[in-house]
Structure formats: C-alpha cells, structure tokens
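Asker: Structure file start_21.txt, compact mmCIF, C-alpha atoms, is pasted below:
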```txt
# COMPACT_ATOMS: atom_id res chain seq x y z
CA MET A 124 0.00 0.00 0.00
CA ARG A 125 2.75 2.45 0.92
CA THR A 126 4.69 3.22 -2.21
CA ASN A 127 7.79 5.38 -2.32
CA LEU A 128 7.26 8.53 -4.33
CA PRO A 129 10.16 10.19 -6.15
CA LEU A 130 11.26 13.05 -3.92
CA GLU A 131 10.77 15.62 -6.66
CA LYS A 132 7.06 14.71 -6.72
CA SER A 133 6.57 15.09 -2.98
CA TRP A 134 5.21 18.64 -3.29
CA LYS A 135 2.03 17.10 -4.71
CA LEU A 136 1.24 15.61 -1.32
CA LEU A 137 0.72 19.02 0.27
CA ASN A 138 -0.20 21.19 -2.70
CA HIS A 139 -3.97 21.05 -2.10
CA GLY A 140 -3.59 22.30 1.45
CA PRO A 141 -4.64 19.32 3.57
CA VAL A 142 -4.34 19.21 7.34
CA THR A 143 -1.24 17.26 8.47
CA LEU A 144 0.02 15.25 11.41
CA VAL A 145 3.57 15.81 12.66
CA THR A 146 5.55 13.10 14.46
CA SER A 147 8.79 13.58 16.38
CA ALA A 148 11.19 11.68 18.62
CA HIS A 149 14.25 12.37 20.75
CA GLY A 150 16.01 10.62 23.61
CA GLY A 151 13.53 7.76 23.85
CA LYS A 152 10.47 10.06 23.77
CA SER A 153 8.14 10.49 20.82
CA ASN A 154 5.12 12.65 20.11
CA LEU A 155 2.62 13.70 17.48
CA MET A 156 0.50 16.76 16.82
CA ALA A 157 -1.78 18.19 14.15
CA ALA A 158 -0.71 21.09 11.93
CA SER A 159 -2.67 22.96 9.31
CA TRP A 160 0.22 25.30 8.58
CA ALA A 161 2.39 23.07 6.44
CA MET A 162 3.10 23.60 2.75
CA PRO A 163 5.74 23.00 0.09
CA LEU A 164 8.60 25.47 -0.28
CA ASP A 165 10.56 23.99 -3.15
CA TYR A 166 10.32 21.20 -5.74
CA ASP A 167 13.79 19.71 -6.07
CA PRO A 168 15.42 19.17 -3.69
CA PRO A 169 12.04 19.32 -2.02
CA LYS A 170 11.54 21.51 1.00
CA VAL A 171 8.54 22.17 3.18
CA LEU A 172 7.46 24.90 5.53
CA LEU A 173 5.91 23.96 8.85
CA VAL A 174 4.74 26.38 11.51
CA LEU A 175 4.72 24.97 15.05
CA ASP A 176 4.24 27.03 18.17
CA ALA A 177 7.46 27.48 20.14
CA ASN A 178 5.78 26.24 23.35
CA THR A 179 4.80 22.81 22.09
CA TYR A 180 6.35 19.54 23.21
CA SER A 181 6.72 18.59 19.53
CA ARG A 182 8.78 21.71 18.90
CA GLU A 183 11.06 20.70 21.78
CA LEU A 184 11.62 17.21 20.32
CA ILE A 185 12.15 18.56 16.79
CA ASP A 186 14.56 21.25 17.96
CA ALA A 187 16.56 18.55 19.74
CA SER A 188 16.49 15.94 16.95
CA GLY A 189 16.40 18.14 13.84
CA GLU A 190 13.83 15.83 12.25
CA PHE A 191 10.10 15.30 11.92
CA GLY A 192 7.59 13.12 10.16
CA LEU A 193 4.91 14.94 8.18
CA GLN A 194 1.86 12.97 7.09
CA VAL A 195 -1.58 13.57 5.60
CA PRO A 196 -4.43 11.91 7.53
CA LYS A 197 -7.67 10.79 5.96
CA ARG A 198 -11.13 11.57 7.21
CA ARG A 199 -11.34 8.18 8.84
CA ILE A 200 -9.12 9.53 11.64
CA ALA A 201 -10.59 13.03 11.71
CA GLU A 202 -11.56 12.68 15.34
CA GLN A 203 -8.07 11.65 16.41
CA THR A 204 -6.57 14.41 14.26
CA VAL A 205 -8.46 17.00 16.25
CA ALA A 206 -7.81 15.24 19.55
CA VAL A 207 -4.03 15.05 19.15
CA GLY A 208 -4.04 18.74 18.24
CA GLN A 209 -5.71 19.57 21.53
CA ALA A 210 -3.76 17.32 23.90
CA THR A 211 -0.10 17.63 24.85
CA GLY A 212 2.40 14.79 24.82
CA ARG A 213 3.82 16.13 28.07
CA ASP A 214 0.84 14.51 29.82
CA GLY A 215 1.37 11.05 28.36
CA ASP A 216 1.83 9.03 25.18
CA LYS A 217 -0.64 10.32 22.60
CA PHE A 218 -0.03 7.37 20.25
CA ALA A 219 -1.40 4.97 22.89
CA ARG A 220 -4.06 7.33 24.18
CA PHE A 221 -5.57 7.88 20.72
CA GLN A 222 -4.84 4.37 19.40
CA LEU A 223 -2.68 5.54 16.52
CA ALA A 224 -0.40 2.79 15.23
CA THR A 225 3.03 3.65 13.85
CA PHE A 226 5.72 2.13 11.67
CA PRO A 227 9.45 2.93 11.52
CA ALA A 228 10.61 5.71 9.21
CA GLN A 229 13.22 5.13 6.52
CA ARG A 230 15.54 8.08 7.16
CA ILE A 231 14.58 9.60 10.51
CA ALA A 232 14.06 8.43 14.09
CA ALA A 233 10.49 9.70 14.48
CA PRO A 234 7.77 7.05 14.11
CA MET A 235 5.41 7.38 11.14
CA LEU A 236 1.63 7.00 11.40
CA GLU A 237 -0.53 4.28 9.91
CA GLN A 238 -4.02 5.43 8.77
CA CYS A 239 -2.61 8.27 6.71
CA VAL A 240 -2.54 8.64 2.93
CA ALA A 241 0.82 10.36 2.43
CA TRP A 242 4.02 10.65 4.41
CA MET A 243 7.17 12.78 4.31
CA GLU A 244 10.28 12.40 6.41
CA CYS A 245 11.91 15.76 6.97
CA LYS A 246 15.19 17.14 8.28
CA VAL A 247 15.27 20.65 9.60
CA ILE A 248 17.49 23.16 7.81
CA PRO A 249 18.76 25.44 10.56
CA ASP A 250 17.74 28.98 9.72
CA ALA A 251 17.12 32.39 11.25
CA THR A 252 13.43 31.97 10.43
CA GLN A 253 13.03 29.95 13.60
CA ARG A 254 12.34 33.24 15.37
CA TYR A 255 8.99 33.09 13.52
CA ASP A 256 8.21 29.60 14.86
CA LEU A 257 9.04 28.47 11.37
CA PHE A 258 10.85 25.42 10.10
CA ILE A 259 12.46 25.17 6.73
CA ALA A 260 13.15 21.54 6.10
CA GLU A 261 14.25 19.28 3.32
CA VAL A 262 12.16 16.22 2.43
CA VAL A 263 14.42 13.16 2.55
CA ALA A 264 11.81 10.45 1.92
CA SER A 265 8.22 10.52 0.65
CA TYR A 266 5.58 7.89 0.12
CA VAL A 267 1.88 7.56 -0.62
CA ASP A 268 -1.00 5.13 -0.29
CA SER A 269 -0.89 3.83 -3.85
CA ARG A 270 -4.60 3.07 -3.82
CA LEU A 271 -5.30 6.79 -3.42
CA PHE A 272 -2.31 8.38 -5.16
CA HIS A 273 -0.97 6.75 -8.29
CA ASP A 274 0.34 7.77 -11.71
CA ASN A 275 1.62 10.89 -9.94
CA ARG A 276 -1.82 12.08 -8.88
CA TRP A 277 -4.51 11.80 -6.26
CA ASP A 278 -7.35 9.40 -7.09
CA PHE A 279 -9.44 9.13 -3.95
CA GLY A 280 -11.94 6.59 -5.28
CA THR A 281 -15.46 6.23 -3.95
CA ASP A 282 -15.06 5.94 -0.18
CA PRO A 283 -15.58 9.40 1.32
CA LEU A 284 -13.66 8.35 4.41
CA ASP A 285 -10.49 7.91 2.36
CA ARG A 286 -10.35 11.59 1.41
CA THR A 287 -8.08 14.29 2.79
CA MET A 288 -9.49 17.12 4.85
CA HIS A 289 -9.15 20.86 5.16
CA TYR A 290 -9.24 22.09 8.70
CA ILE A 291 -11.28 25.08 9.78
CA SER A 292 -11.14 25.20 13.58
CA ASN A 293 -12.75 23.69 16.67
CA GLY A 294 -13.23 20.24 15.14
CA GLU A 295 -14.74 21.52 11.91
CA PHE A 296 -13.45 20.51 8.51
CA PHE A 297 -14.26 20.58 4.88
CA ALA A 298 -13.90 17.29 3.11
CA THR A 299 -11.81 17.29 -0.04
CA GLY A 300 -14.62 17.60 -2.56
CA GLU A 301 -15.17 16.64 -6.17
CA HIS A 302 -12.35 16.61 -8.65
CA PHE A 303 -12.67 18.95 -11.59
CA LYS A 304 -10.52 20.16 -14.43
CA VAL A 305 -10.46 23.46 -16.25
CA PRO A 306 -8.84 24.09 -19.62
CA THR A 307 -5.24 25.27 -19.45
CA LEU A 308 -3.29 27.34 -21.92
CA THR A 309 -1.34 24.24 -22.89
CA ASP A 310 -4.34 21.89 -23.28
CA MET B 217 -20.67 42.14 0.25
CA ARG B 218 -17.05 42.80 1.23
CA THR B 219 -16.90 43.05 4.99
CA ASN B 220 -13.78 43.94 6.94
CA LEU B 221 -12.62 41.10 9.14
CA PRO B 222 -10.72 41.79 12.36
CA LEU B 223 -7.06 41.26 11.53
CA GLU B 224 -6.63 38.65 14.26
CA LYS B 225 -9.23 36.51 12.46
CA SER B 226 -7.54 36.70 9.07
CA TRP B 227 -5.73 33.35 9.51
CA LYS B 228 -9.12 31.69 9.00
CA LEU B 229 -9.13 32.80 5.38
CA LEU B 230 -6.18 30.57 4.52
CA ASN B 231 -6.36 27.86 7.15
CA HIS B 232 -8.12 25.31 4.92
CA GLY B 233 -5.43 25.55 2.29
CA PRO B 234 -7.21 27.14 -0.66
CA VAL B 235 -5.47 28.26 -3.83
CA THR B 236 -4.84 32.02 -3.86
CA LEU B 237 -4.38 34.90 -6.29
CA VAL B 238 -1.60 37.42 -5.69
CA THR B 239 -1.79 41.01 -6.94
CA SER B 240 1.08 43.48 -7.09
CA ALA B 241 1.91 46.95 -8.38
CA HIS B 242 4.91 49.22 -8.74
CA GLY B 243 5.81 52.26 -10.83
CA GLY B 244 2.53 52.32 -12.76
CA LYS B 245 2.63 48.57 -13.53
CA SER B 246 0.45 45.95 -11.92
CA ASN B 247 0.18 42.19 -12.15
CA LEU B 248 -1.50 39.12 -10.74
CA MET B 249 -0.62 35.44 -10.46
CA ALA B 250 -1.92 32.28 -8.83
CA ALA B 251 -0.22 30.72 -5.81
CA SER B 252 -0.99 27.50 -4.00
CA TRP B 253 1.88 27.96 -1.56
CA ALA B 254 0.40 30.54 0.76
CA MET B 255 -0.49 29.94 4.40
CA PRO B 256 -0.76 31.69 7.74
CA LEU B 257 2.36 32.13 9.87
CA ASP B 258 1.00 33.89 12.93
CA TYR B 259 -2.33 34.95 14.47
CA ASP B 260 -1.82 38.40 15.97
CA PRO B 261 -0.35 40.46 14.51
CA PRO B 262 -1.20 38.23 11.58
CA LYS B 263 1.52 37.11 9.21
CA VAL B 264 1.43 34.95 6.12
CA LEU B 265 3.95 32.90 4.20
CA LEU B 266 3.94 33.10 0.43
CA VAL B 267 6.29 31.26 -1.89
CA LEU B 268 6.81 32.91 -5.28
CA ASP B 269 9.48 31.91 -7.75
CA ALA B 270 12.32 34.43 -7.95
CA ASN B 271 11.97 34.66 -11.74
CA THR B 272 8.39 35.88 -11.82
CA TYR B 273 7.26 39.36 -12.81
CA SER B 274 5.11 39.43 -9.67
CA ARG B 275 8.19 38.81 -7.54
CA GLU B 276 9.88 41.77 -9.24
CA LEU B 277 6.95 44.10 -8.48
CA ILE B 278 6.65 42.86 -4.88
CA ASP B 279 10.38 43.17 -4.24
CA ALA B 280 10.20 46.76 -5.50
CA SER B 281 7.00 47.78 -3.67
CA GLY B 282 7.20 45.63 -0.53
CA GLU B 283 3.48 44.87 -0.78
CA PHE B 284 1.03 42.39 -2.27
CA GLY B 285 -2.64 41.56 -2.30
CA LEU B 286 -3.54 37.98 -1.38
CA GLN B 287 -7.03 36.77 -2.20
CA VAL B 288 -9.01 33.53 -2.32
CA PRO B 289 -10.83 32.92 -5.63
CA LYS B 290 -13.98 30.89 -5.94
CA ARG B 291 -14.63 28.11 -8.40
CA ARG B 292 -16.52 30.50 -10.64
CA ILE B 293 -13.14 31.87 -11.79
CA ALA B 294 -11.27 28.56 -11.76
CA GLU B 295 -10.42 28.87 -15.42
CA GLN B 296 -8.93 32.33 -15.02
CA THR B 297 -7.07 31.20 -11.88
CA VAL B 298 -5.25 28.58 -13.91
CA ALA B 299 -4.75 30.89 -16.86
CA VAL B 300 -3.14 33.71 -14.86
CA GLY B 301 -0.83 31.14 -13.30
CA GLN B 302 0.37 30.10 -16.72
CA ALA B 303 0.79 33.48 -18.39
CA THR B 304 3.30 36.19 -17.53
CA GLY B 305 2.47 39.84 -17.00
CA ARG B 306 5.63 40.71 -18.93
CA ASP B 307 3.66 39.93 -22.11
CA GLY B 308 0.76 42.25 -21.36
CA ASP B 309 -1.90 43.18 -18.82
CA LYS B 310 -3.38 39.98 -17.40
CA PHE B 311 -6.28 41.82 -15.73
CA ALA B 312 -7.58 42.90 -19.13
CA ARG B 313 -6.62 39.70 -20.92
CA PHE B 314 -8.52 37.50 -18.49
CA GLN B 315 -11.32 39.99 -17.76
CA LEU B 316 -10.64 40.22 -14.05
CA ALA B 317 -12.08 43.38 -12.50
CA THR B 318 -10.31 45.05 -9.60
CA PHE B 319 -11.04 47.53 -6.83
CA PRO B 320 -8.61 49.75 -4.87
CA ALA B 321 -6.99 48.32 -1.76
CA GLN B 322 -7.27 50.03 1.63
CA ARG B 323 -3.63 49.97 2.75
CA ILE B 324 -1.51 49.04 -0.28
CA ALA B 325 -1.06 50.17 -3.87
CA ALA B 326 -1.77 46.81 -5.52
CA PRO B 327 -5.27 46.43 -6.98
CA MET B 328 -7.54 43.84 -5.39
CA LEU B 329 -9.64 41.35 -7.37
CA GLU B 330 -13.41 41.16 -7.62
CA GLN B 331 -14.84 37.63 -7.91
CA CYS B 332 -12.94 36.39 -4.89
CA VAL B 333 -14.31 35.39 -1.49
CA ALA B 334 -11.55 36.65 0.82
CA TRP B 335 -8.83 39.26 0.60
CA MET B 336 -5.70 40.19 2.52
CA GLU B 337 -3.45 43.19 1.99
CA CYS B 338 0.10 42.36 2.94
CA LYS B 339 3.37 44.18 3.56
CA VAL B 340 6.58 42.28 3.20
CA ILE B 341 8.78 41.91 6.30
CA PRO B 342 12.33 42.00 4.96
CA ASP B 343 14.06 38.79 5.99
CA ALA B 344 16.92 36.49 5.14
CA THR B 345 14.37 33.88 4.10
CA GLN B 346 14.06 35.57 0.73
CA ARG B 347 16.93 33.36 -0.42
CA TYR B 348 14.29 30.57 -0.32
CA ASP B 349 11.93 32.51 -2.58
CA LEU B 350 9.97 33.09 0.57
CA PHE B 351 8.08 36.10 1.82
CA ILE B 352 7.21 36.71 5.42
CA ALA B 353 4.61 39.40 5.51
CA GLU B 354 2.27 41.05 7.89
CA VAL B 355 -1.45 41.29 7.10
CA VAL B 356 -2.48 44.93 7.32
CA ALA B 357 -6.10 44.60 6.18
CA SER B 358 -8.46 41.65 5.68
CA TYR B 359 -11.98 41.27 4.39
CA VAL B 360 -14.44 38.60 3.31
CA ASP B 361 -17.55 38.09 1.22
CA SER B 362 -20.01 38.23 4.10
CA ARG B 363 -22.47 35.99 2.25
CA LEU B 364 -19.90 33.19 2.39
CA PHE B 365 -17.97 33.99 5.57
CA HIS B 366 -19.87 35.36 8.53
CA ASP B 367 -19.97 34.93 12.31
CA ASN B 368 -16.23 34.25 12.00
CA ARG B 369 -16.65 31.17 9.83
CA TRP B 370 -17.06 29.95 6.28
CA ASP B 371 -20.65 29.20 5.24
CA PHE B 372 -20.52 28.51 1.52
CA GLY B 373 -24.25 28.02 1.01
CA THR B 374 -25.72 25.97 -1.80
CA ASP B 375 -24.06 27.26 -4.96
CA PRO B 376 -21.10 24.97 -5.73
CA LEU B 377 -19.54 27.74 -7.79
CA ASP B 378 -19.16 29.90 -4.70
CA ARG B 379 -16.79 27.43 -3.03
CA THR B 380 -13.04 27.68 -2.62
CA MET B 381 -10.74 25.27 -4.42
CA HIS B 382 -7.67 23.19 -3.73
CA TYR B 383 -5.24 23.11 -6.58
CA ILE B 384 -3.59 19.92 -7.79
CA SER B 385 -1.75 20.78 -11.01
CA ASN B 386 -2.35 21.22 -14.73
CA GLY B 387 -5.80 22.75 -14.37
CA GLU B 388 -7.05 20.12 -11.94
CA PHE B 389 -8.64 20.97 -8.64
CA PHE B 390 -10.60 19.55 -5.81
CA ALA B 391 -13.63 21.55 -4.83
CA THR B 392 -13.97 22.40 -1.17
CA GLY B 393 -16.29 19.56 -0.16
CA GLU B 394 -18.89 19.01 2.52
CA HIS B 395 -18.57 20.57 5.92
CA PHE B 396 -18.31 18.20 8.84
CA LYS B 397 -17.57 18.40 12.52
CA VAL B 398 -15.93 15.95 14.83
CA PRO B 399 -16.11 16.02 18.61
CA THR B 400 -13.34 17.95 20.34
CA LEU B 401 -11.94 17.52 23.81
CA THR B 402 -13.65 20.75 24.84
CA ASP B 403 -17.09 19.96 23.34
```
What do you get writing this file as structure tokens?

Answerer:
Amino acid sequence: MRTNLPLEKSWKLLNHGPVTLVTSAHGGKSNLMAASWAMPLDYDPPKVLLVLDANTYSRELIDASGEFGLQVPKRRIAEQTVAVGQATGRDGDKFARFQLATFPAQRIAAPMLEQCVAWMECKVIPDATQRYDLFIAEVVASYVDSRLFHDNRWDFGTDPLDRTMHYISNGEFFATGEHFKVPTLTD
Amino acid sequence: MRTNLPLEKSWKLLNHGPVTLVTSAHGGKSNLMAASWAMPLDYDPPKVLLVLDANTYSRELIDASGEFGLQVPKRRIAEQTVAVGQATGRDGDKFARFQLATFPAQRIAAPMLEQCVAWMECKVIPDATQRYDLFIAEVVASYVDSRLFHDNRWDFGTDPLDRTMHYISNGEFFATGEHFKVPTLTD
C-alpha cells in the first residue's frame, strides 16, 4: 500500500492544502500533533514549511532531533486528528491514548503513522526563520497510499472516508470535494 | 458584500489551504498570479507565508514595492485562476486579458480582485528567508464576502460555484467539499 514517491514529486502531497500530522522523537520520547500550517517550499530538492508554536512539546523534540515526520491523515481519523491537536504529549503518550499505530521511518528516528494517505520524512534546515516559529526543512523520503495516489496524482476513489481534509477550527473541517478540471493554456 | 474582518481573524481565510491569487503593483505597472503555496504564519499580529518563484514578474513588483494583495478565488473563476498562473504579466496586462475586475486596496497600492471570497493586503517583512523565494509578511487589512464567511466562519451556502478550491496541477482541482464536525476535547 505504501509506495515510495520520487522526492521531486513530494510537493504534490501538500499542494492542495490538507491538514497534516507531525511526528517527532528524541532521547527515547516520541510525540505527534496536528498542523494545518504546512506547505511545500521547493520542488527539487524538495523543501517544506511547517509552523509549530514554540511552546509545544513537539517543537522541543524537533529542535533537539532536527527531524520530523509529516503525514496527511484521511477523514477516517478526523476525530483523532483533532484530539491530538488539543492534547499535549507532556501529559502522556498520545499514540497509545488515541490508538494511533506507527511504523518505523526510513531516514529519521520519528515514528510514522498508519491510517494516513501520504508521508514525508523531513530534516530541519537550521535557519534564522526559527524566530517566527518556522521550520524550513528538506524532504528526505516521501511515500503515498498507492490506492489513493498513483500515476503521480490523487485518485481518492469512492469511499468518502479515504479523502483528505481541510481544517477550519474547533473540530470543523471541509472534506476534499469533487475533482474537476479546467482548460489550461497548454491543453 | 465585502466586509472587513478583524485582523486577528484573518488566519481563518487561509487555514483550509485554498489556492490564492496574488496582486502586485509598482511604478505604474500591476500584475496578478496564482499561488498555492500561501499559508498563515501567525495569528496576531497576523503574518502569512507566500512562496513565489524568484523569476516571476510578480516577484519583481513585490520586491520593489514591498506589498502584495492575497485573495481567495472561488470556483466560478477557476479557469482564469489557472490561466493567470500560466501566463506572464511581462507579455501584457493579465487583468484585461482575463477579464478580471479590480477595486482599490485600503492599505496598499496593488489592486484587489473582484470575484474572490476573501482578501488580505500584505506588507513584506524583509528577511533572510528571501533566499528561499519566501516572503514573510504582515497582514495589514483583511476582508471577506459576508455571504460566504460570517460569524467568524465559512458558510458557503448551496451554490457549488461559490466554493473555494484546492489546486492539484495542470488545471485540476478539488472543490472544497462538505462541511463536517468531529467532537473535540472541549465539546
């Protein structure tokens, strides 16, 4: 199901603006949180931007390790996506608390989450922009659920629970809606 | 129809990851382009992140003026959104070419676009991050179509053409789909 995606295609995983889940690990501790403020920064080598509040436990683990996992959840785990965004890992293991299974990453120490549709393993590029709670990071591995993303594009199929989501606030989302195409100048 | 939104609420206009249109002006010239890589950076004072390729005409006008208009188009102008992203303003006025009407901004010189559902006027914060083709900017005015965003939230109504869009590539989009709510820890 999980299929490696060429790194130079990884921008497609975030281009439509889905909510994300961020995993991190350092010194035997690991954590996860939700983030709506994640987007591509560059195509090749691929980079992403991620905004995480300086007070979060995730930020602490990422600052210490220089790495994070960035993944796109599907609606099936919408409830957990909101819940992990509201709880702190300082109070206990959120993976266990919210029954979110993980698998080992390829290039980083942070665990990666099952029940997502796209994954990116990222290494932080140290930069002055951290004073804005901002990470600039390079994508060093990327993969997709090949049932839902194949031939270099999303194809969500017929199950509405397999779609990505766009977060509003306070537990409210928009589902990723119908696909449509408009003529382009090169069509 | 256009209703000023308190600046500290302006992050809500981009939080769901819609495609955007960027307007700019300098020295009697103006331009617009499409950008998927725009997101909030901070709540209050509000800041946004916008990634624009260093080779674009828009980048040239924004570097010179230190300002840009950031707005969220609706599906009704999906075709023009793609078209302006594929053409360059160096070859002629894209506002006229693609029949996109504008109105004067409140705080910046760039024209703002009719036929959108949300608008932000932005001033660039000079920063070392520009070597990543990145802008960090402060929102200095924000407004919404009050038919579609009121009581501090999106309410798109029944016309599918009034919805925001999530860009994929090559003229393909996902519509903003159904609204749904999941329980939160504070519900």

Asker: Please, which residues in chain A fall within 6 Å of chain B when counting only C-alpha atoms, and what is the closest atom pair and distance in Å to one decimal for each, ordered by chain then residue number, as a tab-separated table?

Answerer:
```
residue	atom	partner	partner_atom	distance
A:His139	CA	B:His382	CA	4.6
A:Gly140	CA	B:Gly233	CA	3.8
A:Glu202	CA	B:Val398	CA	5.5
A:His289	CA	B:His232	CA	4.6
A:Tyr290	CA	B:His232	CA	5.1
A:Ile291	CA	B:His232	CA	5.8
A:Gly294	CA	B:Val398	CA	5.1
A:Glu295	CA	B:Lys397	CA	4.3
A:Phe296	CA	B:Phe396	CA	5.4
A:Phe297	CA	B:His395	CA	4.4
A:Ala298	CA	B:Gly393	CA	4.6
A:Thr299	CA	B:Gly393	CA	5.0
A:Gly300	CA	B:Gly393	CA	3.5
A:Glu301	CA	B:Ala391	CA	5.3
A:His302	CA	B:Phe390	CA	4.4
A:Phe303	CA	B:Phe389	CA	5.4
A:Lys304	CA	B:Glu388	CA	4.3
A:Val305	CA	B:Gly387	CA	5.1
A:Thr307	CA	B:Gly387	CA	5.7
```

Asker: Any idea what the distance is between atom CA of Ser269 of chain A and atom CA of Ile248 of chain A?

Answerer: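 So the answer is 29.1 Å.
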
Asker: Just to confirm, what's the straight-line distance from atom CA of Asp260 of chain B to atom CA of Val340 of chain B in Å (one decimal)?

Answerer: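 Between these atoms lies a distance of 15.8 Å.
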
Asker: Give me the residues near segment 222-229 of chain A as a PyMOL selection string, where near means some atom within 12 Å (using all atoms listed in the file) and where sequence neighbours in that chain fewer than 4 positions away do not count.

Answerer: chain A and resi 125+127+144+146-148+153-156+190-194+196+199-204+206-207+216-218+233-239+242-245+262-266

Asker: What separation in Å, quoted to one decimal, exists between atom CA of Ala158 of chain A and atom CA of Pro249 of chain A?

Answerer: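 The value is 20.0 Å.
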